[in-house]
$ cat data-v4.txt   # compact mmCIF, C-alpha atoms
# COMPACT_ATOMS: atom_id res chain seq x y z
CA PHE A 1 28.24 47.73 13.67
CA SER A 2 26.49 50.41 11.68
CA ASN A 3 24.94 53.24 13.69
CA SER A 4 22.51 55.62 12.03
CA LEU A 5 20.18 58.33 13.27
CA TYR A 6 17.42 59.55 10.95
CA ASP A 7 15.29 62.06 12.81
CA VAL A 8 15.23 64.18 15.95
CA TRP A 9 12.51 65.91 17.99
CA GLY A 10 12.42 67.60 21.37
CA THR A 11 10.58 69.91 23.74
CA ASP A 12 13.66 71.75 25.04
CA GLU A 13 17.43 71.37 25.42
CA ASN A 14 16.98 68.75 28.16
CA ASN A 15 14.37 66.59 26.43
CA VAL A 16 15.53 65.61 22.94
CA TRP A 17 14.72 62.32 21.22
CA ALA A 18 16.46 60.73 18.23
CA VAL A 19 15.52 57.64 16.20
CA GLY A 20 17.44 55.21 14.03
CA SER A 21 19.57 52.30 15.12
CA VAL A 22 22.48 52.53 17.53
CA THR A 23 24.28 49.50 18.95
CA ILE A 24 25.54 49.77 22.53
CA ASN A 25 27.19 46.73 24.11
CA ASP A 26 25.76 44.39 21.44
CA THR A 27 22.19 45.68 21.94
CA ALA A 28 20.45 47.67 19.20
CA TYR A 29 18.42 50.69 20.29
CA GLY A 30 15.96 52.51 18.05
CA VAL A 31 15.24 55.48 20.29
CA LEU A 32 17.74 57.58 22.24
CA LYS A 33 17.01 60.43 24.65
CA TRP A 34 19.19 63.43 25.46
CA ASP A 35 18.56 64.50 29.07
CA GLY A 36 20.73 67.62 28.94
CA MET A 37 23.86 65.75 30.02
CA GLU A 38 24.09 62.60 27.91
CA TRP A 39 22.38 60.40 25.32
CA LEU A 40 20.59 57.49 26.97
CA PRO A 41 19.23 54.39 25.22
CA GLU A 42 15.45 54.51 25.50
CA LYS A 43 13.92 51.78 23.37
CA LYS A 44 15.49 48.54 22.14
CA ASN A 45 15.50 47.45 18.51
CA GLY A 46 16.07 49.72 15.54
CA GLY A 47 14.06 50.37 12.44
CA TYR A 48 12.72 53.81 13.33
CA LEU A 49 12.91 56.47 10.64
CA ALA A 50 10.93 59.41 12.04
CA ILE A 51 9.78 60.86 15.35
CA TYR A 52 7.33 63.60 16.29
CA GLY A 53 5.65 64.61 19.50
CA PHE A 54 3.46 67.09 21.28
CA SER A 55 4.93 66.93 24.79
CA SER A 56 7.34 64.78 26.79
CA THR A 57 4.39 62.43 27.47
CA ASP A 58 3.01 62.26 23.92
CA ILE A 59 5.62 61.14 21.37
CA TRP A 60 5.27 59.02 18.21
CA ALA A 61 8.01 57.03 16.43
CA VAL A 62 7.56 55.29 13.09
CA GLY A 63 9.47 53.03 10.73
CA SER A 64 8.90 49.30 10.54
CA ALA A 65 6.21 49.82 13.19
CA VAL A 66 4.20 52.64 14.78
CA TRP A 67 4.86 53.39 18.45
CA HIS A 68 3.46 55.92 20.94
CA PHE A 69 5.19 57.02 24.17
CA ASN A 70 2.86 58.16 26.96
CA GLY A 71 5.60 59.33 29.31
CA VAL A 72 5.98 55.92 30.93
CA ILE A 73 5.88 53.18 28.28
CA TRP A 74 6.10 52.80 24.52
CA GLU A 75 2.92 51.21 23.11
CA GLU A 76 2.82 49.67 19.67
CA TYR A 77 -0.04 50.89 17.48
CA THR A 78 0.86 48.85 14.39
CA TYR A 79 -1.72 46.13 14.95
CA ARG A 80 -4.49 48.33 16.38
CA ASP A 81 -5.67 49.26 12.91
CA PRO A 82 -5.51 47.25 9.66
CA VAL A 83 -4.74 50.36 7.58
CA ILE A 84 -1.70 51.17 9.74
CA ASN A 85 -0.55 47.55 9.64
CA ASN A 86 -1.03 47.20 5.86
CA ASN A 87 0.99 50.30 4.98
CA ILE A 88 4.29 49.71 6.76
CA THR A 89 7.12 50.95 6.36
CA TYR A 90 6.58 54.54 7.49
CA THR A 91 9.16 57.17 6.59
CA SER A 92 7.69 60.35 8.08
CA ILE A 93 5.20 61.64 10.63
CA TRP A 94 3.60 64.97 11.57
CA GLY A 95 0.36 66.11 13.13
CA THR A 96 -1.46 68.70 15.18
CA SER A 97 -2.24 66.19 17.97
CA SER A 98 -2.34 62.46 18.64
CA ASN A 99 -5.86 62.56 17.18
CA ASP A 100 -4.70 64.21 13.94
CA LEU A 101 -1.53 62.45 12.71
CA TYR A 102 -0.23 62.05 9.16
CA LEU A 103 2.15 59.20 8.40
CA GLY A 104 4.05 59.03 5.11
CA ASN A 105 5.10 55.62 3.88
CA GLY A 106 7.65 54.07 1.59
CA GLY A 107 4.99 53.16 -0.97
CA GLY A 108 3.88 56.72 -1.70
CA LYS A 109 0.87 56.87 0.61
CA ILE A 110 -0.14 59.26 3.35
CA ILE A 111 -2.13 57.72 6.18
CA HIS A 112 -4.25 59.80 8.55
CA TRP A 113 -4.78 58.63 12.15
CA ASP A 114 -7.73 60.33 13.88
CA GLY A 115 -7.11 58.82 17.30
CA SER A 116 -9.32 55.81 16.74
CA LYS A 117 -8.91 54.71 13.11
CA ALA A 118 -6.61 55.19 10.16
CA SER A 119 -7.38 55.92 6.53
CA VAL A 120 -5.36 56.37 3.35
CA VAL A 121 -5.76 60.05 2.40
CA TYR A 122 -3.27 60.23 -0.49
CA GLU A 123 -1.53 57.80 -2.82
CA ASN A 124 0.81 58.77 -5.63
CA THR A 125 0.70 56.64 -8.75
CA ASN A 126 4.49 56.29 -8.98
CA SER A 127 4.84 54.89 -5.43
CA ILE A 128 7.38 57.61 -4.61
CA PRO A 129 8.15 57.34 -0.87
CA ILE A 130 6.79 60.20 1.25
CA THR A 131 10.00 61.21 3.00
CA ASP A 132 8.83 64.24 4.99
CA ILE A 133 5.63 65.85 6.23
CA TYR A 134 5.32 69.16 8.06
CA GLY A 135 2.62 71.73 8.57
CA THR A 136 1.45 74.71 10.54
CA SER A 137 -2.17 73.59 11.00
CA SER A 138 -4.70 71.03 9.77
CA TYR A 139 -5.24 73.36 6.80
CA PHE A 140 -1.64 73.82 5.69
CA ILE A 141 0.47 70.67 5.44
CA LEU A 142 3.39 70.09 3.09
CA ALA A 143 4.70 66.68 2.12
CA CYS A 144 7.55 65.69 -0.14
CA GLY A 145 9.02 62.51 -1.41
CA SER A 146 11.78 61.17 -3.54
CA ALA A 147 13.21 57.94 -4.77
CA LEU A 148 16.77 57.06 -5.64
CA SER A 149 15.58 56.57 -9.19
CA THR A 150 14.50 59.73 -10.99
CA SER A 151 11.35 60.93 -9.29
CA SER A 152 10.40 63.48 -6.68
CA ILE A 153 7.09 64.90 -5.49
CA ALA A 154 5.86 67.86 -3.45
CA LEU A 155 2.33 68.16 -2.07
CA LEU A 156 0.19 70.72 -0.28
CA PHE A 157 -2.83 69.82 1.85
CA ASP A 158 -5.35 72.65 2.21
CA GLY A 159 -7.59 70.91 4.73
CA ILE A 160 -9.62 69.22 2.00
CA ASN A 161 -7.36 67.98 -0.82
CA TRP A 162 -3.75 66.94 -1.35
CA ASN A 163 -2.49 68.81 -4.42
CA LEU A 164 0.77 68.53 -6.34
CA LEU A 165 2.82 71.70 -6.12
CA SER A 166 3.32 73.05 -9.62
CA GLY A 167 6.50 74.40 -11.15
CA LEU A 168 8.70 71.54 -10.01
CA ASN A 169 10.51 69.15 -12.29
CA TYR A 170 9.26 65.71 -11.19
CA ASN A 171 11.64 63.77 -13.42
CA THR A 172 15.01 64.93 -12.22
CA THR A 173 18.12 62.81 -12.02
CA LEU A 174 20.39 63.04 -9.03
CA PHE A 175 23.30 65.42 -9.53
CA ARG A 176 21.93 66.71 -12.83
CA THR A 177 21.01 70.33 -13.46
CA VAL A 178 17.77 70.71 -15.38
$ encode --input "data-v4.txt" --output "structure tokens"
Amino acid sequence: FSNSLYDVWGTDENNVWAVGSVTINDTAYGVLKWDGMEWLPEKKNGGYLAIYGFSSTDIWAVGSAVWHFNGVIWEEYTYRDPVINNNITYTSIWGTSSNDLYLGNGGGKIIHWDGSKASVVYENTNSIPITDIYGTSSYFILACGSALSTSSIALLFDGINWNLLSGLNYNTTLFRTV
């Protein structure tokens, strides 16, 4: 059995969450929780690639679906909005709140969730997967992406537009110095 963890998020040393796929006693779990003493299986089924939250009762996990944890149960958001459903698989997530989330996908798009509906806010022409998103506010968000082929991308959101960061070589080959 192959066990893989892809992302981690937490509020403190006794409330840490990890996502991926871990098999325990022939059952696959996609979300694990560290309670300060041990890792506990939290959510069955794998396929999660990223996790981000705002408190122990407001956590999002993405991958082959979009899930929200409200402190009691995990609710699937995948089918609540056609834009979310049509842009699976998600590879990254970040936001300022559950009403201001950015989801990067494997097809090179960034989806914004405003708490009630989703919209595509960026799409790169090379379909380079958006592998990470992080920011400090709604007016300063960085996103990057890469593919195993020869492409990479870095973006900056200024609150209005997503712009390519200049000065980077976007046609690099793995393990090659340019």
$ closest_residue --input "data-v4.txt" --among "A:Ala154, A:Val120, A:Val19, A:Ile93" --to "Trp34 of chain A" --atoms "all atoms listed in the file"
A:Val19
$ residues_around --input "data-v4.txt" --residues "Ser116 of chain A" --least-positions-apart "6" --cutoff "9 Å" --atoms "all atoms listed in the file" --output "JSON, numbers by chain"
{"A": [80, 81, 99]}
$ atom_distance --input "data-v4.txt" --atom1 "atom CA of Leu156 of chain A" --atom2 "atom CA of Tyr48 of chain A"
25.1 Å
$ residues_around --input "data-v4.txt" --residues "Trp9 of chain A" --least-positions-apart "5" --cutoff "8 Å" --atoms "all atoms listed in the file" --output "compact mmCIF listing (two decimals) with C-alpha atoms, in the coordinates of the input"
# COMPACT_ATOMS: atom_id res chain seq x y z
CA VAL A 16 15.53 65.61 22.94
CA TRP A 17 14.72 62.32 21.22
CA ALA A 18 16.46 60.73 18.23
CA ILE A 51 9.78 60.86 15.35
CA TYR A 52 7.33 63.60 16.29
CA GLY A 53 5.65 64.61 19.50
$ closest_residue --input "data-v4.txt" --among "A:Asp132, A:Glu123, A:Asp12, A:Glu42" --to "Gly95 of chain A" --atoms "all atoms listed in the file"
A:Asp132
$ closest_residue --input "data-v4.txt" --among "A:Val31, A:Val83, A:Gly104, A:Leu49" --to "Phe69 of chain A" --atoms "only C-alpha atoms"
A:Val31
$ atom_distance --input "data-v4.txt" --atom1 "atom CA of Ile88 of chain A" --atom2 "atom CA of Trp39 of chain A"
28.0 Å
$ residues_around --input "data-v4.txt" --residues "segment 111-114 of chain A" --least-positions-apart "2" --cutoff "6 Å" --atoms "all atoms listed in the file" --output "PyMOL selection string"
chain A and resi 99-103+116-121
$ atom_distance --input "data-v4.txt" --atom1 "atom CA of Glu76 of chain A" --atom2 "atom CA of Gly10 of chain A"
20.4 Å
$ residues_around --input "data-v4.txt" --residues "Ala50 of chain A" --least-positions-apart "6" --cutoff "6 Å" --atoms "all atoms listed in the file" --output "PyMOL selection string"
chain A and resi 7+61-62+92
$ closest_residue --input "data-v4.txt" --among "A:Gly20, A:Phe54, A:Gly107, A:Tyr79" --to "Val66 of chain A" --atoms "all atoms listed in the file"
A:Tyr79
$ closest_residue --input "data-v4.txt" --among "A:Met37, A:Leu5, A:Leu148, A:Leu165" --to "Thr23 of chain A" --atoms "all atoms listed in the file"
A:Leu5
$ residues_around --input "data-v4.txt" --residues "Ile160 of chain A" --least-positions-apart "3" --cutoff "10 Å" --atoms "all atoms listed in the file" --output "short mmCIF file (atom, residue, chain, number, x, y, z; two decimals) with C-alpha atoms, keeping the file's coordinate frame"
data_model
loop_
_atom_site.label_atom_id
_atom_site.label_comp_id
_atom_site.auth_asym_id
_atom_site.auth_seq_id
_atom_site.Cartn_x
_atom_site.Cartn_y
_atom_site.Cartn_z
CA VAL A 121 -5.76 60.05 2.40
CA SER A 138 -4.70 71.03 9.77
CA TYR A 139 -5.24 73.36 6.80
CA PHE A 140 -1.64 73.82 5.69
CA PHE A 157 -2.83 69.82 1.85
CA ASN A 163 -2.49 68.81 -4.42
#
$ axis_aligned_box --input "data-v4.txt" --around "segment 55-71 of chain A" --padding-each-side "5 Å" --output "lines of an AutoDock Vina configuration file"
center_x = 6.2
center_y = 58.1
center_z = 19.9
size_x = 16.6
size_y = 27.6
size_z = 28.8
$ closest_residue --input "data-v4.txt" --among "A:Ser97, A:Glu13, A:Ala65, A:Asn70" --to "Asn85 of chain A" --atoms "only C-alpha atoms"
A:Ala65
$ residues_near_point --input "data-v4.txt" --point "(4.5, 70.9, 13.5)" --cutoff "8 Å" --atoms "all atoms listed in the file" --output "VMD selection string"
chain A and resid 94 to 96 134 to 137
